[in-house]
>>> print(open('my_file-v8.cif').read())   # mmCIF, C-alpha atoms
data_final
loop_
_atom_site.label_atom_id
_atom_site.label_comp_id
_atom_site.auth_asym_id
_atom_site.auth_seq_id
_atom_site.Cartn_x
_atom_site.Cartn_y
_atom_site.Cartn_z
CA MET A 1 -38.33 59.73 7.00
CA ILE A 2 -34.53 59.56 7.42
CA GLU A 3 -33.07 56.18 8.28
CA VAL A 4 -29.90 56.49 10.38
CA GLU A 5 -28.32 53.10 9.99
CA VAL A 6 -24.97 51.42 10.58
CA LYS A 7 -24.12 47.93 9.40
CA ALA A 8 -21.32 45.61 10.55
CA HIS A 9 -19.94 42.23 9.54
CA ALA A 10 -20.86 39.64 12.19
CA PRO A 11 -19.92 36.07 11.18
CA ASN A 12 -21.33 34.56 14.40
CA LEU A 13 -24.95 35.73 14.67
CA ASP A 14 -25.82 33.32 17.53
CA GLU A 15 -23.25 35.08 19.73
CA ILE A 16 -24.75 38.48 18.82
CA GLU A 17 -28.27 37.27 19.61
CA GLU A 18 -27.18 36.14 23.10
CA LYS A 19 -25.71 39.57 23.80
CA LEU A 20 -28.79 41.33 22.47
CA VAL A 21 -30.98 39.36 24.88
CA GLN A 22 -28.58 40.20 27.75
CA ILE A 23 -28.91 43.96 27.13
CA GLY A 24 -32.71 43.71 27.01
CA ALA A 25 -33.44 43.67 23.28
CA LEU A 26 -36.77 42.06 22.30
CA LYS A 27 -37.17 39.76 19.34
CA LEU A 28 -39.89 41.03 16.99
CA ARG A 29 -39.93 38.44 14.23
CA GLU A 30 -37.98 36.38 11.72
CA GLU A 31 -38.65 36.68 8.03
CA TYR A 32 -37.37 35.65 4.64
CA GLN A 33 -36.85 38.60 2.29
CA GLU A 34 -36.37 38.63 -1.44
CA ASP A 35 -35.41 42.02 -2.87
CA LEU A 36 -35.50 42.72 -6.59
CA TYR A 37 -33.46 45.82 -7.42
CA PHE A 38 -34.03 48.02 -10.47
CA ASN A 39 -31.90 50.56 -12.26
CA ALA A 40 -33.37 53.65 -13.95
CA PRO A 41 -33.38 54.45 -17.67
CA HIS A 42 -32.47 58.12 -17.20
CA ARG A 43 -29.69 57.93 -14.59
CA ASP A 44 -27.43 55.22 -13.21
CA PHE A 45 -28.29 54.43 -9.58
CA ALA A 46 -24.75 53.01 -9.19
CA GLN A 47 -23.52 56.59 -9.80
CA THR A 48 -26.26 58.48 -7.92
CA ASP A 49 -26.23 56.05 -4.96
CA GLU A 50 -30.01 55.62 -5.08
CA ALA A 51 -31.95 52.37 -4.97
CA LEU A 52 -35.38 51.20 -6.10
CA ARG A 53 -36.55 47.76 -5.13
CA ILE A 54 -39.53 45.45 -4.74
CA ARG A 55 -39.31 43.52 -1.46
CA LYS A 56 -41.27 40.33 -0.89
CA THR A 57 -41.33 39.13 2.73
CA ARG A 58 -42.50 35.82 4.13
CA SER A 59 -43.01 35.27 7.84
CA GLY A 60 -45.00 32.17 8.81
CA ASN A 61 -48.00 32.14 6.47
CA SER A 62 -47.98 35.86 5.84
CA GLU A 63 -46.54 37.27 2.61
CA ASP A 64 -46.16 40.99 1.96
CA THR A 65 -44.77 43.18 -0.79
CA TYR A 66 -43.28 46.67 -0.58
CA ILE A 67 -41.85 49.23 -2.99
CA THR A 68 -38.84 51.00 -1.49
CA TYR A 69 -36.93 54.03 -2.73
CA LYS A 70 -33.64 54.98 -1.07
CA GLY A 71 -31.89 58.29 -1.70
CA ALA A 72 -28.13 58.85 -1.69
CA LYS A 73 -26.23 58.42 1.59
CA MET A 74 -26.08 61.69 3.50
CA ASP A 75 -22.77 61.47 5.38
CA GLU A 76 -19.41 59.69 5.31
CA VAL A 77 -19.69 57.27 8.23
CA SER A 78 -23.19 55.85 8.30
CA LYS A 79 -25.74 54.66 5.78
CA THR A 80 -28.12 57.52 6.67
CA ARG A 81 -30.41 58.25 3.73
CA LYS A 82 -33.93 59.12 2.75
CA GLU A 83 -36.13 56.05 2.61
CA ILE A 84 -39.72 55.79 1.37
CA GLU A 85 -41.50 52.45 1.64
CA VAL A 86 -45.07 51.61 0.70
CA ALA A 87 -46.97 48.31 0.85
CA VAL A 88 -48.38 47.04 -2.45
CA GLU A 89 -50.70 44.23 -3.41
CA ASP A 90 -48.74 42.30 -6.01
CA PRO A 91 -44.97 42.07 -6.72
CA LEU A 92 -45.41 40.83 -10.32
CA LYS A 93 -47.67 43.71 -11.34
CA VAL A 94 -45.32 46.28 -9.81
CA GLY A 95 -42.34 44.70 -11.59
CA ASP A 96 -44.33 44.79 -14.82
CA ILE A 97 -45.11 48.51 -14.34
CA PHE A 98 -41.44 49.31 -13.61
CA GLN A 99 -40.31 47.39 -16.70
CA ASN A 100 -42.88 49.13 -18.92
CA LEU A 101 -41.42 52.42 -17.62
CA SER A 102 -38.01 51.09 -18.81
CA PHE A 103 -36.59 50.40 -15.34
CA ARG A 104 -34.42 47.30 -15.58
CA PRO A 105 -34.09 44.55 -12.93
CA VAL A 106 -30.41 44.28 -12.00
CA ALA A 107 -30.18 41.81 -9.10
CA THR A 108 -32.03 39.85 -6.45
CA VAL A 109 -30.86 39.77 -2.82
CA ARG A 110 -32.21 36.91 -0.67
CA LYS A 111 -31.80 36.79 3.08
CA ASN A 112 -33.10 35.49 6.38
CA ARG A 113 -33.64 38.44 8.69
CA THR A 114 -34.23 38.37 12.45
CA ILE A 115 -35.48 41.63 13.89
CA TYR A 116 -35.01 42.93 17.46
CA THR A 117 -36.00 46.21 19.09
CA LEU A 118 -34.19 48.02 21.89
CA GLY A 119 -35.88 51.27 22.86
CA GLU A 120 -36.22 53.20 19.61
CA LEU A 121 -33.54 51.16 17.86
CA ILE A 122 -34.26 48.44 15.35
CA ILE A 123 -31.55 45.77 15.27
CA THR A 124 -31.53 43.29 12.40
CA LEU A 125 -29.48 40.15 11.98
CA ASP A 126 -29.09 39.16 8.34
CA GLU A 127 -27.89 35.95 6.73
CA VAL A 128 -27.51 37.10 3.14
CA GLN A 129 -27.24 34.37 0.50
CA GLY A 130 -23.85 34.51 -1.19
CA VAL A 131 -22.72 37.57 0.80
CA GLY A 132 -22.41 36.73 4.52
CA ASN A 133 -23.78 37.57 7.97
CA PHE A 134 -24.39 41.10 9.19
CA VAL A 135 -25.88 43.17 12.01
CA GLU A 136 -27.59 46.43 11.22
CA ILE A 137 -28.65 48.98 13.85
CA GLU A 138 -31.09 51.62 12.76
CA LYS A 139 -33.00 54.58 14.13
CA GLU A 140 -35.65 56.49 12.27
CA THR A 141 -35.60 60.28 12.51
CA GLU A 142 -37.69 62.95 10.85
CA GLU A 143 -36.25 65.01 8.00
CA GLY A 144 -34.40 68.06 9.39
CA GLU A 145 -33.81 66.40 12.77
CA ASP A 146 -30.21 66.03 14.07
CA THR A 147 -28.83 62.62 13.22
CA GLU A 148 -25.65 62.85 15.39
CA GLU A 149 -27.43 61.76 18.55
CA ALA A 150 -28.90 58.74 16.78
CA LEU A 151 -25.43 57.79 15.50
CA SER A 152 -23.91 57.99 19.02
CA GLU A 153 -26.66 55.76 20.39
CA ILE A 154 -26.10 53.26 17.58
CA PHE A 155 -22.33 53.04 18.12
CA ALA A 156 -22.79 52.78 21.92
CA THR A 157 -25.07 49.79 21.32
CA TYR A 158 -22.54 48.18 18.98
CA SER A 159 -19.99 48.53 21.74
CA LYS A 160 -22.33 46.79 24.25
CA ILE A 161 -22.75 43.78 21.96
CA GLY A 162 -19.00 43.52 21.45
CA ILE A 163 -18.70 44.94 17.93
CA LYS A 164 -15.99 47.59 17.59
CA GLU A 165 -14.91 47.02 14.00
CA GLY A 166 -16.01 45.51 10.73
CA PHE A 167 -18.41 48.36 9.93
CA GLU A 168 -19.60 48.31 6.38
CA ARG A 169 -21.14 51.16 4.35
CA SER A 170 -21.56 49.14 1.17
CA SER A 171 -25.00 47.83 0.36
CA TYR A 172 -25.59 44.10 -0.14
CA LEU A 173 -25.90 44.88 -3.85
CA GLU A 174 -22.48 46.53 -3.85
CA LEU A 175 -21.03 43.62 -1.85
CA MET A 176 -22.41 41.34 -4.57
CA GLY A 177 -20.47 43.43 -7.09
CA ILE A 178 -23.60 44.86 -8.74
CA HIS A 179 -23.48 48.48 -7.71
CA MET B 1 -54.39 42.29 -19.57
CA ILE B 2 -55.69 44.23 -22.58
CA GLU B 3 -58.52 46.66 -21.97
CA VAL B 4 -60.79 46.99 -25.03
CA GLU B 5 -62.62 50.20 -24.33
CA VAL B 6 -64.76 52.73 -26.18
CA LYS B 7 -65.85 56.05 -24.73
CA ALA B 8 -68.67 58.36 -25.85
CA HIS B 9 -69.95 61.79 -24.90
CA ALA B 10 -73.27 61.46 -23.06
CA PRO B 11 -74.57 64.75 -21.67
CA ASN B 12 -77.66 63.14 -20.11
CA LEU B 13 -76.43 60.31 -17.88
CA ASP B 14 -79.84 59.77 -16.21
CA GLU B 15 -81.29 58.79 -19.58
CA ILE B 16 -78.40 56.38 -20.18
CA GLU B 17 -78.90 54.82 -16.74
CA GLU B 18 -82.59 54.15 -17.49
CA LYS B 19 -81.68 52.38 -20.72
CA LEU B 20 -78.96 50.36 -19.02
CA VAL B 21 -81.45 49.08 -16.46
CA GLN B 22 -83.90 48.23 -19.29
CA ILE B 23 -81.33 46.03 -21.08
CA GLY B 24 -80.49 44.22 -17.84
CA ALA B 25 -77.29 45.95 -16.68
CA LEU B 26 -76.58 45.71 -12.95
CA LYS B 27 -75.28 48.61 -10.89
CA LEU B 28 -72.08 47.66 -9.09
CA ARG B 29 -71.20 50.84 -7.20
CA GLU B 30 -70.69 54.58 -7.26
CA GLU B 31 -67.36 56.11 -6.35
CA TYR B 32 -65.44 59.34 -6.35
CA GLN B 33 -62.06 59.08 -8.10
CA GLU B 34 -59.11 61.42 -7.99
CA ASP B 35 -56.38 60.60 -10.49
CA LEU B 36 -52.95 62.20 -10.29
CA TYR B 37 -51.10 61.81 -13.59
CA PHE B 38 -47.31 61.84 -13.95
CA ASN B 39 -44.99 62.38 -16.88
CA ALA B 40 -41.63 60.60 -17.18
CA PRO B 41 -38.18 62.21 -17.14
CA HIS B 42 -36.82 60.12 -20.02
CA ARG B 43 -39.68 60.25 -22.51
CA ASP B 44 -42.79 62.36 -23.01
CA PHE B 45 -45.95 60.37 -22.36
CA ALA B 46 -47.86 62.93 -24.50
CA GLN B 47 -45.75 61.67 -27.44
CA THR B 48 -45.63 57.96 -26.54
CA ASP B 49 -49.34 57.85 -25.59
CA GLU B 50 -48.58 56.16 -22.26
CA ALA B 51 -49.95 57.10 -18.85
CA LEU B 52 -48.86 56.65 -15.26
CA ARG B 53 -51.22 57.66 -12.50
CA ILE B 54 -52.07 57.30 -8.82
CA ARG B 55 -55.82 56.79 -8.36
CA LYS B 56 -57.55 57.42 -5.05
CA THR B 57 -61.11 56.10 -4.82
CA ARG B 58 -63.74 56.78 -2.20
CA SER B 59 -66.94 54.77 -1.98
CA GLY B 60 -68.92 55.10 1.25
CA ASN B 61 -66.34 54.83 4.04
CA SER B 62 -63.85 52.87 2.00
CA GLU B 63 -60.79 54.55 0.48
CA ASP B 64 -58.37 52.79 -1.83
CA THR B 65 -55.28 53.70 -3.82
CA TYR B 66 -53.93 52.19 -7.04
CA ILE B 67 -50.94 52.69 -9.31
CA THR B 68 -51.93 52.34 -12.97
CA TYR B 69 -49.74 52.15 -16.06
CA LYS B 70 -51.35 52.36 -19.50
CA GLY B 71 -49.50 51.57 -22.72
CA ALA B 72 -50.09 53.23 -26.09
CA LYS B 73 -53.43 52.67 -27.83
CA MET B 74 -53.28 49.64 -30.10
CA ASP B 75 -55.71 50.48 -32.94
CA GLU B 76 -57.36 53.44 -34.63
CA VAL B 77 -60.97 53.17 -33.45
CA SER B 78 -60.98 52.14 -29.81
CA LYS B 79 -58.97 52.93 -26.70
CA THR B 80 -57.60 49.36 -26.51
CA ARG B 81 -54.28 49.34 -24.64
CA LYS B 82 -52.19 47.45 -22.14
CA GLU B 83 -53.19 48.28 -18.58
CA ILE B 84 -51.49 47.23 -15.35
CA GLU B 85 -53.07 48.23 -12.05
CA VAL B 86 -51.92 47.40 -8.53
CA ALA B 87 -53.35 48.37 -5.14
CA VAL B 88 -51.03 50.29 -2.82
CA GLU B 89 -51.20 51.36 0.78
CA ASP B 90 -50.59 55.10 0.64
CA PRO B 91 -51.00 57.64 -2.19
CA LEU B 92 -48.64 60.22 -0.64
CA LYS B 93 -45.74 57.78 -0.30
CA VAL B 94 -46.16 56.54 -3.87
CA GLY B 95 -46.24 60.13 -5.15
CA ASP B 96 -43.10 60.84 -3.14
CA ILE B 97 -41.32 57.82 -4.68
CA PHE B 98 -42.35 58.85 -8.22
CA GLN B 99 -41.12 62.41 -7.62
CA ASN B 100 -37.79 61.20 -6.22
CA LEU B 101 -37.43 59.17 -9.45
CA SER B 102 -37.97 62.51 -11.31
CA PHE B 103 -41.47 61.72 -12.54
CA ARG B 104 -43.45 64.99 -12.53
CA PRO B 105 -47.14 65.38 -11.60
CA VAL B 106 -48.90 67.00 -14.57
CA ALA B 107 -52.62 67.05 -13.76
CA THR B 108 -55.40 65.81 -11.51
CA VAL B 109 -58.66 64.43 -12.92
CA ARG B 110 -61.62 64.30 -10.50
CA LYS B 111 -64.84 62.49 -11.29
CA ASN B 112 -67.92 60.76 -9.95
CA ARG B 113 -68.12 57.29 -11.52
CA THR B 114 -71.09 54.93 -11.52
CA ILE B 115 -70.24 51.38 -12.57
CA TYR B 116 -72.58 48.83 -14.19
CA THR B 117 -71.95 45.31 -15.49
CA LEU B 118 -73.68 43.57 -18.35
CA GLY B 119 -72.36 40.07 -18.99
CA GLU B 120 -68.61 40.49 -19.33
CA LEU B 121 -68.88 44.20 -20.09
CA ILE B 122 -68.09 46.94 -17.63
CA ILE B 123 -70.05 50.13 -18.29
CA THR B 124 -69.05 53.31 -16.49
CA LEU B 125 -70.85 56.63 -16.33
CA ASP B 126 -68.49 59.49 -15.56
CA GLU B 127 -69.16 63.05 -14.48
CA VAL B 128 -65.71 64.56 -14.96
CA GLN B 129 -65.07 67.91 -13.26
CA GLY B 130 -64.39 70.59 -15.87
CA VAL B 131 -64.66 68.15 -18.79
CA GLY B 132 -68.21 66.75 -19.09
CA ASN B 133 -70.27 63.56 -18.92
CA PHE B 134 -69.25 60.31 -20.60
CA VAL B 135 -70.11 56.63 -20.96
CA GLU B 136 -67.33 54.10 -21.31
CA ILE B 137 -67.89 50.45 -22.26
CA GLU B 138 -65.02 48.09 -21.63
CA LYS B 139 -64.16 44.43 -21.96
CA GLU B 140 -61.01 42.85 -20.62
CA THR B 141 -59.21 40.36 -22.86
CA GLU B 142 -55.97 38.47 -22.45
CA GLU B 143 -52.87 39.55 -24.40
CA GLY B 144 -52.83 37.86 -27.81
CA GLU B 145 -56.62 37.33 -27.85
CA ASP B 146 -58.68 38.76 -30.74
CA THR B 147 -60.12 42.14 -29.78
CA GLU B 148 -62.50 42.48 -32.80
CA GLU B 149 -65.24 40.45 -31.17
CA ALA B 150 -65.06 42.53 -28.01
CA LEU B 151 -65.32 45.71 -30.11
CA SER B 152 -68.44 44.44 -31.94
CA GLU B 153 -70.09 43.59 -28.64
CA ILE B 154 -69.25 47.04 -27.28
CA PHE B 155 -70.67 48.91 -30.29
CA ALA B 156 -73.81 46.70 -30.29
CA THR B 157 -74.36 47.69 -26.67
CA TYR B 158 -73.91 51.38 -27.48
CA SER B 159 -76.56 50.98 -30.14
CA LYS B 160 -78.97 49.40 -27.60
CA ILE B 161 -78.62 52.35 -25.23
CA GLY B 162 -79.20 54.82 -28.08
CA ILE B 163 -75.65 56.05 -28.62
CA LYS B 164 -74.59 56.02 -32.28
CA GLU B 165 -72.21 58.97 -32.34
CA GLY B 166 -70.09 61.17 -30.13
CA PHE B 167 -67.39 58.53 -29.68
CA GLU B 168 -64.23 59.92 -28.18
CA ARG B 169 -60.71 58.44 -28.29
CA SER B 170 -59.09 61.27 -26.36
CA SER B 171 -58.34 60.70 -22.69
CA TYR B 172 -59.78 63.02 -20.03
CA LEU B 173 -56.26 64.44 -19.72
CA GLU B 174 -56.18 65.24 -23.42
CA LEU B 175 -59.68 66.72 -23.24
CA MET B 176 -58.35 68.96 -20.44
CA GLY B 177 -55.65 70.09 -22.86
CA ILE B 178 -52.82 68.42 -20.91
CA HIS B 179 -51.78 65.62 -23.22
#
>>> encode(input="my_file-v8.cif", output="structure tokens")
Amino acid sequence: MIEVEVKAHAPNLDEIEEKLVQIGALKLREEYQEDLYFNAPHRDFAQTDEALRIRKTRSGNSEDTYITYKGAKMDEVSKTRKEIEVAVEDPLKVGDIFQNLSFRPVATVRKNRTIYTLGELIITLDEVQGVGNFVEIEKETEEGEDTEEALSEIFATYSKIGIKEGFERSSYLELMGIH
Amino acid sequence: MIEVEVKAHAPNLDEIEEKLVQIGALKLREEYQEDLYFNAPHRDFAQTDEALRIRKTRSGNSEDTYITYKGAKMDEVSKTRKEIEVAVEDPLKVGDIFQNLSFRPVATVRKNRTIYTLGELIITLDEVQGVGNFVEIEKETEEGEDTEEALSEIFATYSKIGIKEGFERSSYLELMGIH
């Protein structure tokens, strides 16, 4: 799976939500996410632009955990990259396995995320603790598929919700000064 | 969790099963297991005596997947070692994550396992494809707890089911000549 994804600074998320509703986006859910990022013993993910994390999500009474691997970004304008995510039973056990394999925890990112859909797009509004507010528009494509079309659709949607600048390729980790 | 565990060659598993029933062991379940073992990019698990695997199990209509990490053996007579196991959603995605982190698949072990309990002991009868038939008696203890008592109980149970020799510290992987 390739995740074609563009992020933008958006200090006023309420304003963005109003516009999303106007253009027909549907709210999927709100959740609290806590992401624990690891670095590898045999290469520096800050150099290779990869990421490995354990994500805990909480939405109402439901708690879930995922392992996510992200490959290096694949172009110069978007955050398009390989992403593999798998649900797991227990965040502590997974963290323990990673640490026994000599992967080191480097940072935790905490955020409130509100998720909308619009056609095949996923639009997320993030309040990230200590970092700021952001919109992210994403489309999933298969490996080998052309990503240009997805990018055009994403930027056209940004335009409709009034965002023409403030795009950000740095990850929340990088914005926190970690890598 | 520390797994105190002793394995023995047992060509005739039917005979062992009869004796287990005689001493009051209860059959828990039978399952087919397929274990895909990985080696690390930054150290050789054959040297460090660690293991990382993805286990798929099938029992009736139910299929499950687990990630398991095993630390080095902690004494000279048993297979006692740290073990961390966590259920995951999808074996292919986990394998894909491991391979993107440069962990390499080294071997697959396939077996039919029948599992009994006797008090706090877990007794497994394994028919391992290409390797042979084995009994394994295991007791879980907490880290820091004395493992001597568990070992005595395990060897006393072996004696009751007529096994006094043929103990085997090598893993199925090692017995397959892999490591």
>>> closest_residue(input="my_file-v8.cif", among="B:Val94, B:Ile122, B:Leu173, B:Ile115", to="B:Arg29", atoms="only C-alpha atoms")
B:Ile115
>>> atom_distance(input="my_file-v8.cif", atom1="atom CA of B:Thr114", atom2="atom CA of B:Phe98")
29.2 Å
>>> interface_residues(input="my_file-v8.cif", of="chain A", to="chain B", cutoff="12 Å", atoms="only C-alpha atoms", output="MDAnalysis selection string")
chainID A and resid 1 38:45 48 50:53 64:72 82:103
>>> residues_around(input="my_file-v8.cif", residues="B:Asn12", least_positions_apart="4", cutoff="9 Å", atoms="only C-alpha atoms", output="mmCIF file with C-alpha atoms, in the coordinates of the input")
data_model
loop_
_atom_site.group_PDB
_atom_site.id
_atom_site.type_symbol
_atom_site.label_atom_id
_atom_site.label_comp_id
_atom_site.auth_asym_id
_atom_site.auth_seq_id
_atom_site.Cartn_x
_atom_site.Cartn_y
_atom_site.Cartn_z
ATOM 1 C CA ILE B 16 -78.400 56.380 -20.180
ATOM 2 C CA ASN B 133 -70.270 63.560 -18.920
ATOM 3 C CA PHE B 134 -69.250 60.310 -20.600
#
>>> resolve_selection(input="my_file-v8.cif", expression="the PyMOL selection byres ((chain A and resi 163) around 12)", output="number ranges by chain")
A: 6-13, 15-16, 19-20, 134-137, 154-162, 164-167
>>> closest_residue(input="my_file-v8.cif", among="A:Glu143, A:Asp126, A:Glu149, A:Glu138", to="A:Glu5", atoms="only C-alpha atoms")
A:Glu138
>>> atom_distance(input="my_file-v8.cif", atom1="atom CA of B:Leu121", atom2="atom CA of B:Glu140")
8.0 Å
>>> residues_near_point(input="my_file-v8.cif", point="(-64.6, 57.7, -3.8)", cutoff="6 Å", atoms="all atoms listed in the file", output="list of chain:residue names")
B:Glu31, B:Tyr32, B:Gln33, B:Thr57, B:Arg58, B:Ser59
>>> write_last_selection(input="my_file-v8.cif", atoms="C-alpha atoms", output="compact mmCIF listing (two decimals), in the coordinates of the input")
# COMPACT_ATOMS: atom_id res chain seq x y z
CA GLU B 31 -67.36 56.11 -6.35
CA TYR B 32 -65.44 59.34 -6.35
CA GLN B 33 -62.06 59.08 -8.10
CA THR B 57 -61.11 56.10 -4.82
CA ARG B 58 -63.74 56.78 -2.20
CA SER B 59 -66.94 54.77 -1.98
>>> atom_distance(input="my_file-v8.cif", atom1="atom CA of A:Asp75", atom2="atom CA of A:Ser152")
14.1 Å
>>> residues_around(input="my_file-v8.cif", residues="A:Tyr172", least_positions_apart="3", cutoff="8 Å", atoms="all atoms listed in the file", output="short mmCIF file (atom, residue, chain, number, x, y, z; two decimals) with C-alpha atoms, in the coordinates of the input")
data_model
loop_
_atom_site.label_atom_id
_atom_site.label_comp_id
_atom_site.auth_asym_id
_atom_site.auth_seq_id
_atom_site.Cartn_x
_atom_site.Cartn_y
_atom_site.Cartn_z
CA VAL A 109 -30.86 39.77 -2.82
CA VAL A 128 -27.51 37.10 3.14
CA VAL A 131 -22.72 37.57 0.80
CA LEU A 175 -21.03 43.62 -1.85
CA MET A 176 -22.41 41.34 -4.57
#
>>> closest_residue(input="my_file-v8.cif", among="B:Arg110, B:Glu63, B:Ala46, B:Glu120", to="B:Thr141", atoms="only C-alpha atoms")
B:Glu120
>>> decode(input="my_file-v8.cif", residues="stretch 81-145 of chain A", atoms="C-alpha atoms", output="JSON list (two decimals), in the first residue's frame")
[["chain", "number", "residue", "atom", "x", "y", "z"],
["A", 81, "ARG", "CA", 5.58, 6.57, 1.17],
["A", 82, "LYS", "CA", 5.15, 2.88, 1.73],
["A", 83, "GLU", "CA", 3.09, 2.18, 4.83],
["A", 84, "ILE", "CA", 2.39, -1.17, 6.49],
["A", 85, "GLU", "CA", 0.09, -1.27, 9.50],
["A", 86, "VAL", "CA", -1.06, -4.29, 11.48],
["A", 87, "ALA", "CA", -3.31, -4.55, 14.54],
["A", 88, "VAL", "CA", -1.77, -6.18, 17.61],
["A", 89, "GLU", "CA", -3.12, -7.31, 20.95],
["A", 90, "ASP", "CA", -0.90, -5.55, 23.46],
["A", 91, "PRO", "CA", 1.26, -2.38, 23.18],
["A", 92, "LEU", "CA", 3.49, -3.27, 26.17],
["A", 93, "LYS", "CA", 4.43, -6.70, 24.82],
["A", 94, "VAL", "CA", 5.24, -5.28, 21.38],
["A", 95, "GLY", "CA", 7.39, -2.55, 22.95],
["A", 96, "ASP", "CA", 9.14, -5.22, 24.99],
["A", 97, "ILE", "CA", 9.85, -7.28, 21.85],
["A", 98, "PHE", "CA", 11.21, -4.22, 20.00],
["A", 99, "GLN", "CA", 13.46, -3.32, 22.93],
["A", 100, "ASN", "CA", 14.78, -6.89, 23.22],
["A", 101, "LEU", "CA", 15.66, -6.60, 19.50],
["A", 102, "SER", "CA", 17.62, -3.43, 20.47],
["A", 103, "PHE", "CA", 15.19, -0.95, 18.92],
["A", 104, "ARG", "CA", 15.14, 2.15, 21.13],
["A", 105, "PRO", "CA", 12.07, 4.30, 21.94],
["A", 106, "VAL", "CA", 12.85, 7.87, 20.86],
["A", 107, "ALA", "CA", 9.66, 9.89, 21.35],
["A", 108, "THR", "CA", 5.94, 9.84, 22.00],
["A", 109, "VAL", "CA", 3.49, 11.90, 19.92],
["A", 110, "ARG", "CA", 0.06, 12.51, 21.47],
["A", 111, "LYS", "CA", -2.84, 13.96, 19.53],
["A", 112, "ASN", "CA", -6.58, 14.29, 19.18],
["A", 113, "ARG", "CA", -7.55, 13.27, 15.66],
["A", 114, "THR", "CA", -10.88, 13.84, 13.90],
["A", 115, "ILE", "CA", -11.33, 11.82, 10.73],
["A", 116, "TYR", "CA", -13.49, 12.70, 7.71],
["A", 117, "THR", "CA", -13.98, 10.96, 4.37],
["A", 118, "LEU", "CA", -14.73, 12.57, 1.03],
["A", 119, "GLY", "CA", -15.00, 10.05, -1.79],
["A", 120, "GLU", "CA", -11.78, 8.05, -1.62],
["A", 121, "LEU", "CA", -9.97, 10.72, 0.38],
["A", 122, "ILE", "CA", -9.31, 10.50, 4.09],
["A", 123, "ILE", "CA", -9.08, 13.92, 5.74],
["A", 124, "THR", "CA", -7.72, 14.15, 9.26],
["A", 125, "LEU", "CA", -7.69, 17.10, 11.62],
["A", 126, "ASP", "CA", -4.97, 16.83, 14.24],
["A", 127, "GLU", "CA", -4.38, 18.73, 17.46],
["A", 128, "VAL", "CA", -0.87, 17.59, 18.29],
["A", 129, "GLN", "CA", 0.33, 18.19, 21.86],
["A", 130, "GLY", "CA", 3.26, 20.60, 21.86],
["A", 131, "VAL", "CA", 3.33, 20.88, 18.06],
["A", 132, "GLY", "CA", 0.15, 22.54, 16.75],
["A", 133, "ASN", "CA", -2.92, 21.98, 14.57],
["A", 134, "PHE", "CA", -2.81, 20.34, 11.16],
["A", 135, "VAL", "CA", -4.94, 19.00, 8.31],
["A", 136, "GLU", "CA", -3.79, 15.95, 6.41],
["A", 137, "ILE", "CA", -5.41, 14.73, 3.18],
["A", 138, "GLU", "CA", -4.58, 11.22, 2.10],
["A", 139, "LYS", "CA", -5.39, 8.74, -0.63],
["A", 140, "GLU", "CA", -4.32, 5.13, -0.65],
["A", 141, "THR", "CA", -3.03, 3.69, -3.92],
["A", 142, "GLU", "CA", -1.58, 0.32, -4.79],
["A", 143, "GLU", "CA", 2.17, -0.08, -5.34],
["A", 144, "GLY", "CA", 3.06, 0.67, -8.98],
["A", 145, "GLU", "CA", -0.06, 2.82, -9.50]]
